[in-house]
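Next up, coords15.cif (mmCIF, C-alpha atoms):
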data_data
loop_
_atom_site.label_atom_id
_atom_site.label_comp_id
_atom_site.auth_asym_id
_atom_site.auth_seq_id
_atom_site.Cartn_x
_atom_site.Cartn_y
_atom_site.Cartn_z
CA MET N 784 -2.85 32.55 0.96
CA ALA N 785 -2.24 30.89 4.23
CA THR N 786 -4.29 32.85 6.75
CA THR N 787 -6.76 34.37 4.29
CA SER N 788 -9.91 32.85 5.63
CA LEU N 789 -9.49 33.37 9.32
CA LEU N 790 -11.93 36.24 9.15
CA LEU N 791 -15.10 34.29 8.58
CA LEU N 792 -14.23 30.88 9.86
CA LEU N 793 -16.26 30.25 12.98
CA SER N 794 -18.03 33.50 13.61
CA PRO N 795 -21.66 33.32 12.52
CA LEU N 796 -17.39 32.56 10.16
CA SER N 797 19.68 12.26 17.08
CA SER N 798 17.91 9.33 16.19
CA SER N 799 17.79 5.91 17.90
CA PRO N 800 20.35 3.25 16.90
CA HIS N 801 19.34 1.38 13.80
CA THR N 802 20.08 -1.88 15.55
CA GLN N 803 16.90 -1.45 17.52
CA LEU N 804 14.80 -2.15 14.46
CA ARG N 805 13.17 -5.50 14.06
CA SER N 806 15.21 -7.87 11.93
CA GLN N 807 12.75 -7.92 9.07
CA ILE N 808 12.87 -4.15 8.71
CA ARG N 809 16.36 -3.15 7.67
CA THR N 810 17.14 0.55 7.97
CA ARG N 811 18.32 2.16 4.73
CA SER N 812 18.77 -1.17 2.94
CA ILE N 813 19.67 -1.13 -0.73
CA VAL N 814 19.88 -4.59 -2.21
CA ARG N 815 19.80 -5.51 -5.86
CA ALA N 816 18.28 -8.86 -6.56
CA GLN N 817 19.29 -10.98 -9.52
CA THR N 818 16.23 -9.73 -11.35
CA GLY N 819 17.57 -6.18 -11.25
CA THR N 820 14.89 -5.03 -8.78
CA ARG N 821 16.05 -2.86 -5.90
CA ASN N 822 14.68 -3.85 -2.49
CA GLU N 823 13.77 -1.20 0.05
CA ASP N 824 12.04 -1.26 3.41
CA ILE N 825 10.29 2.13 3.40
CA VAL N 826 9.93 4.25 0.27
CA ILE N 827 8.51 7.76 0.47
CA ILE N 828 7.20 9.12 -2.83
CA GLY N 829 7.80 12.87 -3.06
CA ALA N 830 10.28 15.26 -1.44
CA GLY N 831 7.83 18.03 -0.63
CA ILE N 832 6.89 19.19 2.86
CA ALA N 833 4.93 16.02 3.67
CA GLY N 834 7.57 13.65 2.33
CA LEU N 835 10.57 15.30 3.96
CA ALA N 836 8.78 15.83 7.30
CA THR N 837 7.80 12.15 7.32
CA ALA N 838 11.36 11.07 6.52
CA VAL N 839 12.80 13.33 9.23
CA SER N 840 10.24 12.12 11.78
CA LEU N 841 11.04 8.47 11.05
CA HIS N 842 14.77 9.20 11.15
CA ARG N 843 14.49 10.76 14.61
CA LEU N 844 12.73 7.60 15.77
CA GLY N 845 15.50 5.41 14.39
CA VAL N 846 13.71 4.26 11.25
CA GLY N 847 15.34 4.87 7.92
CA SER N 848 13.64 5.49 4.60
CA VAL N 849 14.34 6.28 0.98
CA VAL N 850 12.72 9.34 -0.60
CA VAL N 851 12.19 9.28 -4.36
CA GLU N 852 11.63 12.68 -5.97
CA GLN N 853 10.76 13.25 -9.61
CA GLY N 854 12.58 16.58 -9.83
CA ASP N 855 16.27 17.04 -10.45
CA LEU N 856 16.48 19.03 -7.20
CA LEU N 857 14.23 19.91 -4.27
CA ARG N 858 10.90 21.36 -5.39
CA THR N 859 11.71 24.94 -4.49
CA GLY N 860 8.97 26.43 -6.65
CA GLY N 861 6.23 28.31 -4.91
CA THR N 862 6.58 31.34 -2.73
CA SER N 863 5.67 31.29 0.93
CA LEU N 864 3.31 29.52 3.28
CA THR N 865 1.95 30.56 6.64
CA LEU N 866 2.50 28.30 9.65
CA PHE N 867 0.42 28.65 12.80
CA LYS N 868 1.30 27.27 16.22
CA ASN N 869 0.32 23.71 15.31
CA GLY N 870 2.87 23.74 12.48
CA TRP N 871 5.55 25.18 14.73
CA ARG N 872 4.89 22.56 17.41
CA VAL N 873 5.56 19.84 14.86
CA LEU N 874 8.72 21.56 13.61
CA ASP N 875 9.91 21.77 17.21
CA ALA N 876 9.05 18.10 17.77
CA ILE N 877 11.20 17.02 14.82
CA GLY N 878 14.04 19.33 15.80
CA VAL N 879 14.03 22.05 13.13
CA GLY N 880 11.97 24.88 14.61
CA HIS N 881 15.02 26.62 16.06
CA HIS N 882 16.70 26.61 12.64
CA LEU N 883 13.77 28.40 11.02
CA ARG N 884 12.52 30.96 13.55
CA PRO N 885 15.47 33.38 13.27
CA GLN N 886 14.94 33.65 9.52
CA PHE N 887 11.28 34.70 9.55
CA LEU N 888 9.28 37.45 11.23
CA GLU N 889 6.68 36.60 13.85
CA ILE N 890 3.36 38.00 12.66
CA GLN N 891 1.64 40.06 15.35
CA GLY N 892 -1.88 40.38 13.98
CA MET N 893 -4.08 41.08 11.01
CA THR N 894 -5.76 44.05 9.36
CA VAL N 895 -8.73 43.86 7.00
CA LYS N 896 -9.51 46.54 4.43
CA SER N 897 -12.00 47.05 1.64
CA GLU N 898 -10.77 47.53 -1.93
CA ASP N 899 -11.05 51.32 -1.52
CA GLY N 900 -8.51 51.18 1.33
CA ARG N 901 -10.97 51.63 4.22
CA GLU N 902 -9.93 49.68 7.33
CA LEU N 903 -12.70 47.33 8.44
CA ARG N 904 -11.12 45.56 11.40
CA SER N 905 -7.81 44.92 13.11
CA PHE N 906 -6.78 42.07 15.42
CA ARG N 907 -3.80 41.01 17.51
CA PHE N 908 -3.18 37.27 17.74
CA LYS N 909 -1.78 37.34 21.27
CA ASP N 910 -4.83 39.20 22.58
CA GLU N 911 -6.91 36.10 21.89
CA ASP N 912 -4.34 33.35 22.38
CA GLN N 913 -1.04 33.96 24.15
CA SER N 914 0.33 30.69 22.78
CA GLN N 915 -0.36 31.53 19.15
CA GLU N 916 2.64 31.73 16.82
CA VAL N 917 2.30 32.81 13.20
CA ARG N 918 5.11 33.17 10.69
CA ALA N 919 5.20 33.17 6.91
CA VAL N 920 7.96 30.82 5.76
CA GLU N 921 9.68 30.55 2.40
CA ARG N 922 8.93 27.10 0.98
CA ARG N 923 12.47 26.74 -0.38
CA ILE N 924 14.10 27.33 2.99
CA LEU N 925 11.68 25.00 4.78
CA LEU N 926 12.43 22.16 2.34
CA GLU N 927 16.17 22.70 2.50
CA THR N 928 16.09 22.74 6.30
CA LEU N 929 14.18 19.45 6.43
CA ALA N 930 16.40 17.82 3.81
CA ASN N 931 19.52 18.79 5.77
CA GLN N 932 18.33 16.66 8.70
CA LEU N 933 18.45 13.45 6.67
CA PRO N 934 21.43 11.13 6.14
CA PRO N 935 23.31 11.57 2.86
CA ASP N 936 21.76 9.89 -0.18
CA THR N 937 18.35 9.49 1.49
CA ILE N 938 16.75 11.46 -1.37
CA SER N 939 16.91 10.02 -4.86
CA TYR N 940 16.29 12.75 -7.45
CA SER N 941 15.14 12.37 -11.06
CA SER N 942 13.04 9.43 -9.86
CA LYS N 943 9.57 9.88 -11.27
CA LEU N 944 7.05 7.17 -10.43
CA ALA N 945 5.68 5.59 -13.60
CA LYS N 946 3.89 2.49 -12.31
CA ILE N 947 2.79 0.94 -9.02
CA GLU N 948 1.44 -2.56 -8.40
CA LYS N 949 1.31 -5.28 -5.77
CA SER N 950 3.69 -8.23 -5.96
CA GLU N 951 2.92 -11.86 -5.16
CA SER N 952 4.95 -11.50 -1.96
CA SER N 953 2.62 -8.69 -0.74
CA GLU N 954 5.29 -6.08 -1.30
CA THR N 955 4.68 -3.07 -3.56
CA LEU N 956 6.46 -2.84 -6.89
CA LEU N 957 7.42 0.64 -8.02
CA GLU N 958 8.68 1.32 -11.51
CA LEU N 959 10.33 4.65 -12.21
CA ALA N 960 10.33 6.53 -15.49
CA ASP N 961 13.97 5.61 -16.12
CA GLY N 962 13.16 1.90 -15.84
CA THR N 963 14.40 1.42 -12.27
CA LYS N 964 12.31 -1.09 -10.33
CA ILE N 965 11.91 -1.01 -6.56
CA SER N 966 10.28 -3.61 -4.35
CA ALA N 967 9.12 -1.82 -1.19
CA LYS N 968 7.79 -3.30 2.02
CA ILE N 969 6.10 0.00 2.92
CA VAL N 970 5.16 2.87 0.57
CA ILE N 971 4.26 6.34 1.82
CA GLY N 972 2.64 8.51 -0.83
CA CYS N 973 3.56 12.17 -0.35
CA ASP N 974 3.29 13.05 -4.03
CA GLY N 975 0.95 16.02 -3.90
CA ILE N 976 -2.54 16.89 -5.05
CA ARG N 977 -2.29 14.90 -8.31
CA SER N 978 -0.86 11.89 -6.50
CA PRO N 979 -0.42 8.78 -8.67
CA VAL N 980 -0.35 6.74 -5.46
CA ALA N 981 -3.74 8.13 -4.39
CA LYS N 982 -5.16 7.43 -7.83
CA TRP N 983 -3.88 3.84 -7.66
CA MET N 984 -5.62 3.46 -4.28
CA GLY N 985 -8.93 4.56 -5.77
CA HIS N 986 -9.13 8.19 -4.65
CA SER N 987 -10.92 10.63 -6.91
CA GLU N 988 -9.25 13.52 -8.67
CA PRO N 989 -9.30 16.75 -6.61
CA ASN N 990 -12.21 19.09 -7.37
CA TYR N 991 -11.71 22.59 -8.75
CA VAL N 992 -13.46 24.99 -6.35
CA GLY N 993 -14.17 27.87 -8.72
CA HIS N 994 -11.33 30.26 -8.05
CA CYS N 995 -7.66 30.68 -8.90
CA ALA N 996 -4.79 32.53 -7.28
CA PHE N 997 -1.74 34.52 -8.22
CA ARG N 998 1.11 34.41 -5.72
CA GLY N 999 4.43 36.15 -5.51
CA LEU N 1000 7.27 37.25 -3.27
CA GLY N 1001 8.23 40.92 -3.29
CA VAL N 1002 11.96 41.48 -2.79
CA TYR N 1003 13.42 44.52 -1.00
CA PRO N 1004 17.25 44.27 -0.86
CA ASP N 1005 17.45 47.38 1.31
CA GLY N 1006 14.65 46.30 3.63
CA GLN N 1007 10.87 46.12 3.31
CA PRO N 1008 8.77 48.84 5.03
CA TYR N 1009 5.80 46.85 6.36
CA GLU N 1010 4.81 45.95 9.90
CA PRO N 1011 4.65 42.22 10.76
CA ARG N 1012 0.91 41.88 10.16
CA VAL N 1013 -1.27 39.94 7.75
CA ASN N 1014 -3.05 42.45 5.53
CA TYR N 1015 -6.27 41.44 3.74
CA ILE N 1016 -8.15 43.40 1.11
CA TYR N 1017 -11.65 42.29 0.09
CA GLY N 1018 -13.40 43.22 -3.14
CA ARG N 1019 -16.20 41.71 -5.21
CA GLY N 1020 -15.20 38.25 -6.42
CA VAL N 1021 -11.57 39.18 -5.77
CA ARG N 1022 -9.55 39.24 -2.57
CA ALA N 1023 -5.90 39.90 -1.95
CA GLY N 1024 -3.42 40.00 0.86
CA PHE N 1025 0.18 40.44 1.80
CA VAL N 1026 2.36 39.57 4.78
CA PRO N 1027 6.02 40.30 5.53
CA VAL N 1028 8.10 37.13 5.50
CA SER N 1029 11.52 38.47 6.46
CA PRO N 1030 13.24 41.87 6.66
CA THR N 1031 13.70 41.80 2.88
CA LYS N 1032 10.71 39.84 1.49
CA VAL N 1033 6.93 40.21 1.42
CA TYR N 1034 4.53 37.48 0.30
CA TRP N 1035 1.36 38.46 -1.57
CA PHE N 1036 -1.59 36.75 -3.20
CA ILE N 1037 -4.63 37.60 -5.30
CA CYS N 1038 -7.56 35.17 -5.39
CA PHE N 1039 -10.20 35.59 -8.10
CA ASN N 1040 -13.31 33.82 -9.32
CA SER N 1041 -13.03 31.86 -12.55
CA SER N 1042 -15.48 29.41 -14.11
CA SER N 1043 -12.57 27.18 -15.15
CA PRO N 1044 -8.88 26.82 -14.28
CA GLY N 1045 -8.02 28.40 -17.63
CA PRO N 1046 -5.03 27.75 -19.89
CA LYS N 1047 -1.54 27.40 -18.52
CA ILE N 1048 0.44 30.62 -18.97
CA ILE N 1049 4.19 30.23 -19.42
CA ASP N 1050 5.20 33.86 -19.96
CA PRO N 1051 5.99 35.28 -16.47
CA SER N 1052 5.50 38.87 -17.61
CA GLU N 1053 1.97 37.99 -18.69
CA LEU N 1054 1.24 36.53 -15.25
CA LYS N 1055 2.36 39.77 -13.62
CA LYS N 1056 0.29 41.81 -16.05
CA GLN N 1057 -2.86 39.81 -15.30
CA ALA N 1058 -2.31 40.03 -11.56
CA ILE N 1059 -1.92 43.82 -11.66
CA GLU N 1060 -5.01 44.19 -13.84
CA LEU N 1061 -7.18 42.50 -11.18
CA VAL N 1062 -6.25 45.07 -8.51
CA ARG N 1063 -5.27 48.11 -10.58
CA ASN N 1064 -7.45 50.53 -8.56
CA TRP N 1065 -6.81 48.92 -5.17
CA PRO N 1066 -4.54 50.30 -2.40
CA SER N 1067 -1.20 51.33 -3.83
CA GLU N 1068 0.84 49.38 -1.27
CA LEU N 1069 -0.32 46.10 -2.82
CA LEU N 1070 0.63 47.30 -6.30
CA LYS N 1071 4.04 48.41 -5.05
CA ILE N 1072 4.73 44.96 -3.60
CA ILE N 1073 3.78 43.31 -6.89
CA ASP N 1074 6.07 45.76 -8.67
CA HIS N 1075 8.93 44.60 -6.40
CA THR N 1076 8.33 40.97 -7.39
CA PRO N 1077 10.65 39.37 -9.96
CA ASP N 1078 8.52 38.26 -12.91
CA ASP N 1079 9.83 34.70 -12.92
CA THR N 1080 8.76 34.08 -9.30
CA ILE N 1081 5.05 34.78 -9.85
CA ILE N 1082 2.84 31.71 -10.05
CA ARG N 1083 -0.79 31.12 -10.97
CA SER N 1084 -2.67 28.10 -9.69
CA SER N 1085 -6.20 26.77 -9.61
CA LEU N 1086 -7.49 25.91 -6.15
CA VAL N 1087 -8.72 22.37 -5.53
CA ASP N 1088 -9.70 20.06 -2.70
CA ARG N 1089 -10.95 16.55 -1.98
CA TRP N 1090 -13.68 15.82 0.57
CA LEU N 1091 -13.08 12.51 2.31
CA TRP N 1092 -16.67 11.39 2.82
CA PRO N 1093 -17.06 8.64 5.46
CA ALA N 1094 -17.94 5.21 4.12
CA VAL N 1095 -17.55 6.56 0.57
CA SER N 1096 -13.97 7.74 0.11
CA PRO N 1097 -11.15 5.18 0.24
CA PRO N 1098 -9.18 5.16 3.50
CA ALA N 1099 -5.73 6.68 3.97
CA SER N 1100 -4.05 3.28 3.69
CA ALA N 1101 -4.36 0.06 1.74
CA GLY N 1102 -2.25 -2.73 3.18
CA LYS N 1103 1.25 -1.29 3.54
CA VAL N 1104 0.66 1.74 1.32
CA VAL N 1105 -0.41 5.00 2.97
CA LEU N 1106 -0.99 8.64 2.00
CA VAL N 1107 0.21 11.82 3.74
CA GLY N 1108 -0.60 15.50 3.23
CA ASP N 1109 -1.99 16.78 -0.07
CA ALA N 1110 -1.80 13.32 -1.60
CA TRP N 1111 -4.59 12.28 0.78
CA HIS N 1112 -6.45 15.47 1.68
CA PRO N 1113 -5.79 18.42 -0.65
CA MET N 1114 -7.49 21.48 0.78
CA THR N 1115 -7.83 25.10 -0.22
CA PRO N 1116 -5.46 27.54 1.51
CA ASN N 1117 -8.23 29.54 3.16
CA LEU N 1118 -7.41 28.41 6.71
CA GLY N 1119 -3.65 28.34 6.30
CA GLN N 1120 -3.69 24.67 7.28
CA GLY N 1121 -2.47 22.71 4.26
CA ALA N 1122 1.18 22.60 5.27
CA CYS N 1123 0.34 22.48 8.99
CA CYS N 1124 -1.84 19.40 8.51
CA ALA N 1125 0.83 17.72 6.40
CA LEU N 1126 3.31 18.25 9.23
CA GLU N 1127 0.81 16.85 11.73
CA ASP N 1128 0.27 13.81 9.50
CA ALA N 1129 4.01 13.19 9.38
CA VAL N 1130 4.58 12.96 13.14
CA VAL N 1131 1.44 10.93 13.82
CA LEU N 1132 2.29 8.43 11.10
CA ALA N 1133 5.95 8.21 12.12
CA ARG N 1134 5.12 7.40 15.73
CA LYS N 1135 2.67 4.67 14.79
CA LEU N 1136 4.86 3.17 12.08
CA ALA N 1137 8.01 3.23 14.22
CA GLY N 1138 6.16 1.39 16.98
CA ALA N 1139 5.13 -1.32 14.56
CA VAL N 1140 8.50 -1.90 12.91
CA LYS N 1141 10.64 -1.59 16.04
CA THR N 1142 8.63 -3.36 18.72
CA GLY N 1143 6.13 -5.46 16.83
CA SER N 1144 3.40 -4.28 19.20
CA THR N 1145 1.11 -4.10 16.20
CA THR N 1146 1.27 -4.96 12.52
CA VAL N 1147 2.29 -2.38 9.94
CA GLU N 1148 -1.15 -2.61 8.37
CA ASP N 1149 -2.86 -1.90 11.70
CA ALA N 1150 -0.47 0.98 12.43
CA LEU N 1151 -1.26 2.62 9.10
CA LYS N 1152 -4.99 2.12 9.61
CA SER N 1153 -4.72 3.63 13.09
CA TYR N 1154 -3.02 6.68 11.60
CA GLY N 1155 -5.89 7.18 9.15
CA ASP N 1156 -8.52 6.65 11.86
CA GLU N 1157 -6.86 9.25 14.07
CA ARG N 1158 -6.30 11.85 11.40
CA TRP N 1159 -9.60 11.69 9.50
CA PRO N 1160 -11.78 13.40 12.19
CA ARG N 1161 -9.45 16.39 12.05
CA ILE N 1162 -8.81 16.51 8.30
CA PHE N 1163 -12.36 16.11 6.99
CA PRO N 1164 -13.98 19.08 8.78
CA LEU N 1165 -10.98 21.32 8.13
CA THR N 1166 -11.19 20.62 4.40
CA ILE N 1167 -14.89 21.48 4.33
CA ARG N 1168 -14.46 24.62 6.43
CA ALA N 1169 -11.64 25.84 4.22
CA ASN N 1170 -13.84 25.37 1.16
CA VAL N 1171 -16.88 27.09 2.66
CA VAL N 1172 -14.88 30.02 3.99
CA GLY N 1173 -13.24 30.52 0.61
CA SER N 1174 -16.63 30.54 -1.10
CA LEU N 1175 -17.95 33.12 1.35
CA LEU N 1176 -14.94 35.35 0.88
CA GLN N 1177 -15.31 35.21 -2.91
CA TRP N 1178 -18.77 36.82 -2.92
CA ASP N 1179 -19.30 39.04 -5.94
CA ASN N 1180 -22.81 40.32 -5.19
CA ALA N 1181 -22.64 44.05 -4.37
CA ALA N 1182 -25.31 43.93 -1.67
CA VAL N 1183 -23.82 40.90 0.03
CA CYS N 1184 -20.33 42.42 -0.07
CA SER N 1185 -21.71 45.58 1.51
CA VAL N 1186 -23.15 43.55 4.41
CA ARG N 1187 -19.84 41.71 4.76
CA ASN N 1188 -17.81 44.93 4.88
CA ASN N 1189 -20.15 47.01 7.01
CA VAL N 1190 -21.68 44.48 9.39
CA ILE N 1191 -20.08 41.03 9.50
CA ILE N 1192 -16.40 41.97 9.62
CA PRO N 1193 -16.62 45.13 11.79
CA LYS N 1194 -19.27 43.92 14.25
CA VAL N 1195 -19.68 40.15 14.20
CA VAL N 1196 -16.35 38.42 13.58
CA ARG N 1197 -14.47 37.17 16.65
CA LEU N 1198 -10.85 36.09 16.39
CA GLY N 1199 -10.69 33.56 19.23
CA PRO N 1200 -12.94 30.87 17.74
CA MET N 1201 -11.27 31.32 14.38
CA LEU N 1202 -7.96 30.07 15.77
CA GLU N 1203 -9.21 26.99 17.64
CA HIS N 1204 -8.28 24.70 14.76
CA THR N 1205 -4.60 25.54 15.35
CA ASN N 1206 -4.59 23.65 18.65
CA PHE N 1207 -2.51 20.48 18.33
CA ASP N 1208 -0.48 18.69 21.00
CA CYS N 1209 2.83 17.30 19.82
CA GLU N 1210 5.56 15.93 22.06
CA PRO N 1211 9.19 15.85 20.84
CA LEU N 1212 10.18 12.76 18.91
#

Could you write out this structure as structure tokens?
Amino acid sequence: MATTSLLLLLSPLSSSPHTQLRSQIRTRSIVRAQTGTRNEDIVIIGAGIAGLATAVSLHRLGVGSVVVEQGDLLRTGGTSLTLFKNGWRVLDAIGVGHHLRPQFLEIQGMTVKSEDGRELRSFRFKDEDQSQEVRAVERRILLETLANQLPPDTISYSSKLAKIEKSESSETLLELADGTKISAKIVIGCDGIRSPVAKWMGHSEPNYVGHCAFRGLGVYPDGQPYEPRVNYIYGRGVRAGFVPVSPTKVYWFICFNSSSPGPKIIDPSELKKQAIELVRNWPSELLKIIDHTPDDTIIRSSLVDRWLWPAVSPPASAGKVVLVGDAWHPMTPNLGQGACCALEDAVVLARKLAGAVKTGSTTVEDALKSYGDERWPRIFPLTIRANVVGSLLQWDNAAVCSVRNNVIIPKVVRLGPMLEHTNFDCEPL
């Protein structure tokens, strides 16, 4: 959904030598003790965007890590995600932006329509912010690009975390589903919205926000016909959108109100049928894109978040265990900032952690705490704003929707303030 909620947001909506590391932090060490436990310095749980970006960031700063991933391969499920300029600044900082840009179209602006096809408003990103950069990126290609920056054998697949506990030596003991045991000096939890690491640290389960989403990627082998713009369509309790990703692919979503997440549907043809039924009488271009989508690539997900209340929620770190991305702050996709914030987390954490393990200027515990203290003031309000904007956009009252379509969007909404949250300074690593 990436940029879905921009409309109502603020308007009245090669690496350093390993020998530089401190002696007690060995880069990429793999040692088997007599007990059969494997010893590691830094273990990253999860090879998603947060985990791989953190590993790449550390690697560029001369700090090695091991990434354990429960899947047999990279988690290439999902469709596309939208990255704004803050995401691209991070990708440039970690040295992969130039690999990705040629593969994806730069999005020029956005158009908003009602469900009957009437255009309500149109914007150009550069008119408000010359530095803005928006591209929809295939998740699979982003993950593969990040993984390709890491040394061979950094990622350990089929390594599902089964148990986590502290050892008497203050290290963290990780037990995998296959019985493998790892003693880690530092653990970085990047294991997604249902993070076992976050649960172990005392974080609550993410909250269902009252709506679900279908997502898909339309495929056009001979070329897709759409201009590089985000296209939104607003109905009553249902909203949809689509955006060209590349010359041959178009990402689309449908978000709909639901009192519960509902049962898991395995049959891909049924998912497609349900998605079409929600927008059957909407503009035909949306239906055509869905029709061009392979059934087995359509996904349905319930939207969740976690509000990190000050003095109530656990912090981002506990000793030498820390959370990054969705594992710490799952947010709804209404601002297009989930992946962007995970990338921001990665570079901030890597800089602080590298300073601690290489120079000893601070302890690891203090470095991880500093990361959480720096990131929380940005993450907490973004999570709340994403939630509120999503709720506003899911209105199902006819009178309220009429005001939205005839007054708020055409006459009140301003694009400039809606993009301020994409400002993020990031120097190259």

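The gap separating CA of Asn1180 in chain N from CA of Val1013 in chain N is 25.1 Å, in Å to one decimal.
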
For the file shown, report as a PyMOL selection string the outcome of the PyMOL selection byres ((chain N and resi 1029) around 12) at residue level. chain N and resi 863+883-890+918-921+924+1000-1012+1026-1028+1030-1034

Selected residues, C-alpha atoms, written as a PDB file, keeping the file's coordinate frame, please.
ATOM      1  CA  SER N 863       5.670  31.290   0.930  1.00  0.00           C
ATOM      2  CA  LEU N 883      13.770  28.400  11.020  1.00  0.00           C
ATOM      3  CA  ARG N 884      12.520  30.960  13.550  1.00  0.00           C
ATOM      4  CA  PRO N 885      15.470  33.380  13.270  1.00  0.00           C
ATOM      5  CA  GLN N 886      14.940  33.650   9.520  1.00  0.00           C
ATOM      6  CA  PHE N 887      11.280  34.700   9.550  1.00  0.00           C
ATOM      7  CA  LEU N 888       9.280  37.450  11.230  1.00  0.00           C
ATOM      8  CA  GLU N 889       6.680  36.600  13.850  1.00  0.00           C
ATOM      9  CA  ILE N 890       3.360  38.000  12.660  1.00  0.00           C
ATOM     10  CA  ARG N 918       5.110  33.170  10.690  1.00  0.00           C
ATOM     11  CA  ALA N 919       5.200  33.170   6.910  1.00  0.00           C
ATOM     12  CA  VAL N 920       7.960  30.820   5.760  1.00  0.00           C
ATOM     13  CA  GLU N 921       9.680  30.550   2.400  1.00  0.00           C
ATOM     14  CA  ILE N 924      14.100  27.330   2.990  1.00  0.00           C
ATOM     15  CA  LEU N1000       7.270  37.250  -3.270  1.00  0.00           C
ATOM     16  CA  GLY N1001       8.230  40.920  -3.290  1.00  0.00           C
ATOM     17  CA  VAL N1002      11.960  41.480  -2.790  1.00  0.00           C
ATOM     18  CA  TYR N1003      13.420  44.520  -1.000  1.00  0.00           C
ATOM     19  CA  PRO N1004      17.250  44.270  -0.860  1.00  0.00           C
ATOM     20  CA  ASP N1005      17.450  47.380   1.310  1.00  0.00           C
ATOM     21  CA  GLY N1006      14.650  46.300   3.630  1.00  0.00           C
ATOM     22  CA  GLN N1007      10.870  46.120   3.310  1.00  0.00           C
ATOM     23  CA  PRO N1008       8.770  48.840   5.030  1.00  0.00           C
ATOM     24  CA  TYR N1009       5.800  46.850   6.360  1.00  0.00           C
ATOM     25  CA  GLU N1010       4.810  45.950   9.900  1.00  0.00           C
ATOM     26  CA  PRO N1011       4.650  42.220  10.760  1.00  0.00           C
ATOM     27  CA  ARG N1012       0.910  41.880  10.160  1.00  0.00           C
ATOM     28  CA  VAL N1026       2.360  39.570   4.780  1.00  0.00           C
ATOM     29  CA  PRO N1027       6.020  40.300   5.530  1.00  0.00           C
ATOM     30  CA  VAL N1028       8.100  37.130   5.500  1.00  0.00           C
ATOM     31  CA  PRO N1030      13.240  41.870   6.660  1.00  0.00           C
ATOM     32  CA  THR N1031      13.700  41.800   2.880  1.00  0.00           C
ATOM     33  CA  LYS N1032      10.710  39.840   1.490  1.00  0.00           C
ATOM     34  CA  VAL N1033       6.930  40.210   1.420  1.00  0.00           C
ATOM     35  CA  TYR N1034       4.530  37.480   0.300  1.00  0.00           C
TER      36      TYR N1034
END

Any chance you could work out the residue set of the PyMOL selection byres ((chain N and resi 943) around 12) here, as a PyMOL selection string? chain N and resi 827-830+850-855+939-942+944-947+957-964+974+978-980

Output the residue selection produced by the PyMOL selection byres ((chain N and resi 1188-1193) around 8) on the file above, formatted as a ChimeraX atom specification. /N:790-791,897,903-904,1184-1187,1194-1196

Within-8 Å shell of (-2.0, 23.1, 19.5) in input frame, only C-alpha atoms, as a list in words: Lys868, Asn869, Arg872, Thr1205, Asn1206, Phe1207, Asp1208 and Cys1209 of chain N

Trp1159 in chain N proximity check over N:Gln1120, N:Ser1085, N:Ser1096, N:Ser1174, using only C-alpha atoms: winner is N:Ser1096
